[in-house]
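The structure appears right after this line, and notes come after that.
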Amino acid sequence: MSTEDIQALTHIAPGSKAYTWLEGDLASAAADKASGNIDWIIVLAHRPLYCSYHWSACCWDACDNQVNSSAWNNKYRDNVEPLLLKYQVDAWLNGHTHNYERTLTIVDNQPNMRDGSTNSTYVNPTSPFYVTAGAAGDIEIQGHHFMQQPDWSITRISTVEDKDNSFNTGYSHVTAFNSSLLDVKFVRAHDG
């Protein structure tokens with residue numbers, strides 16, 4: 001399923017080829033998880049469902065100053081998020097925005113702390129957490145583009161550091177230790 005083409009994102013609706021494919025793939029993964037064949041269901045995509053970065057149409061609509069309010073992103077999230085919940089997806093990893101951000105577990109744009117998760121651990125999550133890992137080497141956007149931090153956003157790292165305006169690039173490292181422990185870290189390029 002392409003998440004790069006903005007026009008395609010508005011067509012990920014029930015009955016579409018992309019939606020049908022995604023639902024089938026998630027149903028298969030959920031069956032594998034239920035039978036003990038896999039421990040985690042992680043979706044990889046280019047564009048985020050959730051982020052607090054207000055540069056381009058990724059997550060911000062400057063007209064009404066609402067998080068994730070652009071029409072295409074709302075439609076994208078409204079169509080995809082119910083599938084993530086239905087098939088018990090654990091995590092969504094994406095790039096696109098040139099920064100690092102990690103969230104709490106989220107349902108309908110609200111933190112979902114009912115599952116026992118905290119700011120640093122995910123305990124049997126009942127909804128996905130989201131990781132934007134787009135800071136691998138961006139040098140085209142020089143500046144800070146985070147909006148006020150929403151309640152569901154717990155870790156944000158800009159590609160430009162505050163103290164000396166140096167580049168703060170890096171990558172995400174994900175380790176699944178077992179069926180109950182998934183570790184997600186941002187590794188800075190300049191200090192590992």
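Each chain in the structure tokens gets a letter, A, B, ..., in the order shown, and its residues are numbered from 1; ligands are numbered from 1 in order too.
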- Message: I'd like the contact shell of Leu84 (chain A) - 8 Å cut-off, only C-alpha atoms, skipping same-chain residues fewer than 4 positions apart - returned as JSON, numbers by chain.
- Response: {"A": [26, 80, 88, 89, 127, 128]}
- Message: Can you tell me which residues surround Gly15 (chain A) at a distance of at most 12 Å, considering only C-alpha atoms, apart from same-chain residues fewer than 6 positions away, and format the answer as a count of residues only?
- Response: 5
- Task: Calculate how many Å separate CA of Ala133 (chain A) from CA of Ile42 (chain A), rounding to one decimal.
- Result: 13.9 Å
- Message: Using only C-alpha atoms, can you tell me which of A:Tyr100, A:Gln149, A:Ala91, A:Tyr122 comes closest to Phe186 (chain A)?
- Response: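 Ranking A:Tyr100, A:Gln149, A:Ala91, A:Tyr122 by distance to Phe186 (chain A), first place goes to A:Tyr100.
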- Query: Any idea what's packed within 8 Å of Ile154 (chain A), counting only C-alpha atoms, ignoring anything in its chain fewer than 6 positions away? Could you give it as a ChimeraX atom specification?
  - Reply: /A:101-104,119
Next, write the just-selected residues to a file, as a short mmCIF file (atom, residue, chain, number, x, y, z; two decimals), in the first residue's frame, keeping all heavy atoms as the atom set.
data_model
loop_
_atom_site.label_atom_id
_atom_site.label_comp_id
_atom_site.auth_asym_id
_atom_site.auth_seq_id
_atom_site.Cartn_x
_atom_site.Cartn_y
_atom_site.Cartn_z
N GLU A 101 10.07 11.00 16.42
CA GLU A 101 9.01 11.20 17.39
C GLU A 101 8.43 9.84 17.76
O GLU A 101 8.25 8.98 16.91
CB GLU A 101 7.89 12.09 16.83
CG GLU A 101 6.81 12.40 17.84
CD GLU A 101 5.87 13.49 17.38
OE1 GLU A 101 5.74 13.72 16.16
OE2 GLU A 101 5.26 14.12 18.27
N ARG A 102 8.16 9.66 19.06
CA ARG A 102 7.52 8.43 19.55
C ARG A 102 6.33 8.84 20.39
O ARG A 102 6.37 9.83 21.11
CB ARG A 102 8.51 7.60 20.37
CG ARG A 102 7.97 6.24 20.81
CD ARG A 102 9.06 5.37 21.41
NE ARG A 102 9.75 5.98 22.51
CZ ARG A 102 9.34 5.97 23.78
NH1 ARG A 102 8.22 5.37 24.11
NH2 ARG A 102 10.07 6.54 24.72
N THR A 103 5.26 8.04 20.29
CA THR A 103 4.02 8.39 20.98
C THR A 103 3.67 7.36 22.05
O THR A 103 4.21 6.25 22.09
CB THR A 103 2.83 8.45 20.00
OG1 THR A 103 2.47 7.12 19.62
CG2 THR A 103 3.14 9.30 18.79
N LEU A 104 2.72 7.74 22.87
CA LEU A 104 2.02 6.78 23.71
C LEU A 104 1.17 5.91 22.78
O LEU A 104 1.08 6.18 21.59
CB LEU A 104 1.11 7.50 24.69
CG LEU A 104 1.77 8.42 25.70
CD1 LEU A 104 0.72 9.27 26.42
CD2 LEU A 104 2.57 7.61 26.70
N ASN A 119 4.94 6.27 29.86
CA ASN A 119 5.74 7.05 28.91
C ASN A 119 6.93 6.28 28.35
O ASN A 119 7.46 6.64 27.32
CB ASN A 119 6.24 8.34 29.56
CG ASN A 119 5.15 9.37 29.67
OD1 ASN A 119 4.00 9.12 29.31
ND2 ASN A 119 5.51 10.54 30.16
#
- Message: Using only C-alpha atoms, can you tell me which of A:Gly134, A:Lys33, A:Tyr50, A:Thr20 comes closest to Ser158 (chain A)?
- Response: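 Of A:Gly134, A:Lys33, A:Tyr50, A:Thr20, the one nearest Ser158 (chain A), counting only C-alpha atoms, is A:Gly134.
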- Message: When you look at Pro111 (chain A) with a cut-off of 8 Å (counting only C-alpha atoms), what residues show up, excluding the ones that are within fewer than 6 positions of it in the same chain? I need them as a list in words.
- Response: Leu104, Thr105, Asp151 and Trp152 of chain A
Could you take the residues named above and write them with all heavy atoms, as a tab-separated table (two decimals), in the first residue's frame?
chain	number	residue	atom	x	y	z
A	104	LEU	N	2.72	7.74	22.87
A	104	LEU	CA	2.02	6.78	23.71
A	104	LEU	C	1.17	5.91	22.78
A	104	LEU	O	1.08	6.18	21.59
A	104	LEU	CB	1.11	7.50	24.69
A	104	LEU	CG	1.77	8.42	25.70
A	104	LEU	CD1	0.72	9.27	26.42
A	104	LEU	CD2	2.57	7.61	26.70
A	105	THR	N	0.49	4.92	23.32
A	105	THR	CA	-0.52	4.24	22.52
A	105	THR	C	-1.66	5.24	22.32
A	105	THR	O	-1.97	6.03	23.21
A	105	THR	CB	-1.01	2.95	23.21
A	105	THR	OG1	-1.51	3.26	24.50
A	105	THR	CG2	0.11	1.93	23.32
A	151	ASP	N	-0.55	15.69	24.08
A	151	ASP	CA	-0.50	14.76	25.21
A	151	ASP	C	0.03	13.39	24.82
A	151	ASP	O	0.63	12.70	25.63
A	151	ASP	CB	-1.89	14.59	25.84
A	151	ASP	CG	-2.37	15.85	26.53
A	151	ASP	OD1	-1.54	16.72	26.85
A	151	ASP	OD2	-3.58	15.96	26.74
A	152	TRP	N	-0.22	12.96	23.58
A	152	TRP	CA	0.18	11.62	23.16
A	152	TRP	C	1.62	11.53	22.68
A	152	TRP	O	2.14	10.45	22.47
A	152	TRP	CB	-0.77	11.08	22.09
A	152	TRP	CG	-1.15	12.01	20.98
A	152	TRP	CD1	-2.35	12.63	20.83
A	152	TRP	CD2	-0.35	12.41	19.86
A	152	TRP	NE1	-2.35	13.40	19.69
A	152	TRP	CE2	-1.14	13.28	19.08
A	152	TRP	CE3	0.94	12.12	19.44
A	152	TRP	CZ2	-0.68	13.86	17.90
A	152	TRP	CZ3	1.41	12.70	18.27
A	152	TRP	CH2	0.60	13.56	17.52
- Message: Here is a test: counting only C-alpha atoms, which residue of A:Tyr76, A:Trp40, A:Phe146, A:Tyr19 is nearest to Thr97 (chain A)?
- Response: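 Selected residue with least distance to Thr97 (chain A): A:Phe146.
Shortest atom-to-atom contact with Thr169 (chain A) among A:Asp90, A:Glu81, A:Asp191, A:Asp183: A:Asp191, counting only C-alpha atoms.
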- Using only C-alpha atoms, which of A:Val131, A:Leu85, A:Val123, A:Ala136 sits nearest His98 (chain A)?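 Nearest to His98 (chain A): A:Ala136.
For the pair CA of Phe129 (chain A) and CA of Asn37 (chain A), the interatomic distance is 21.7 Å.
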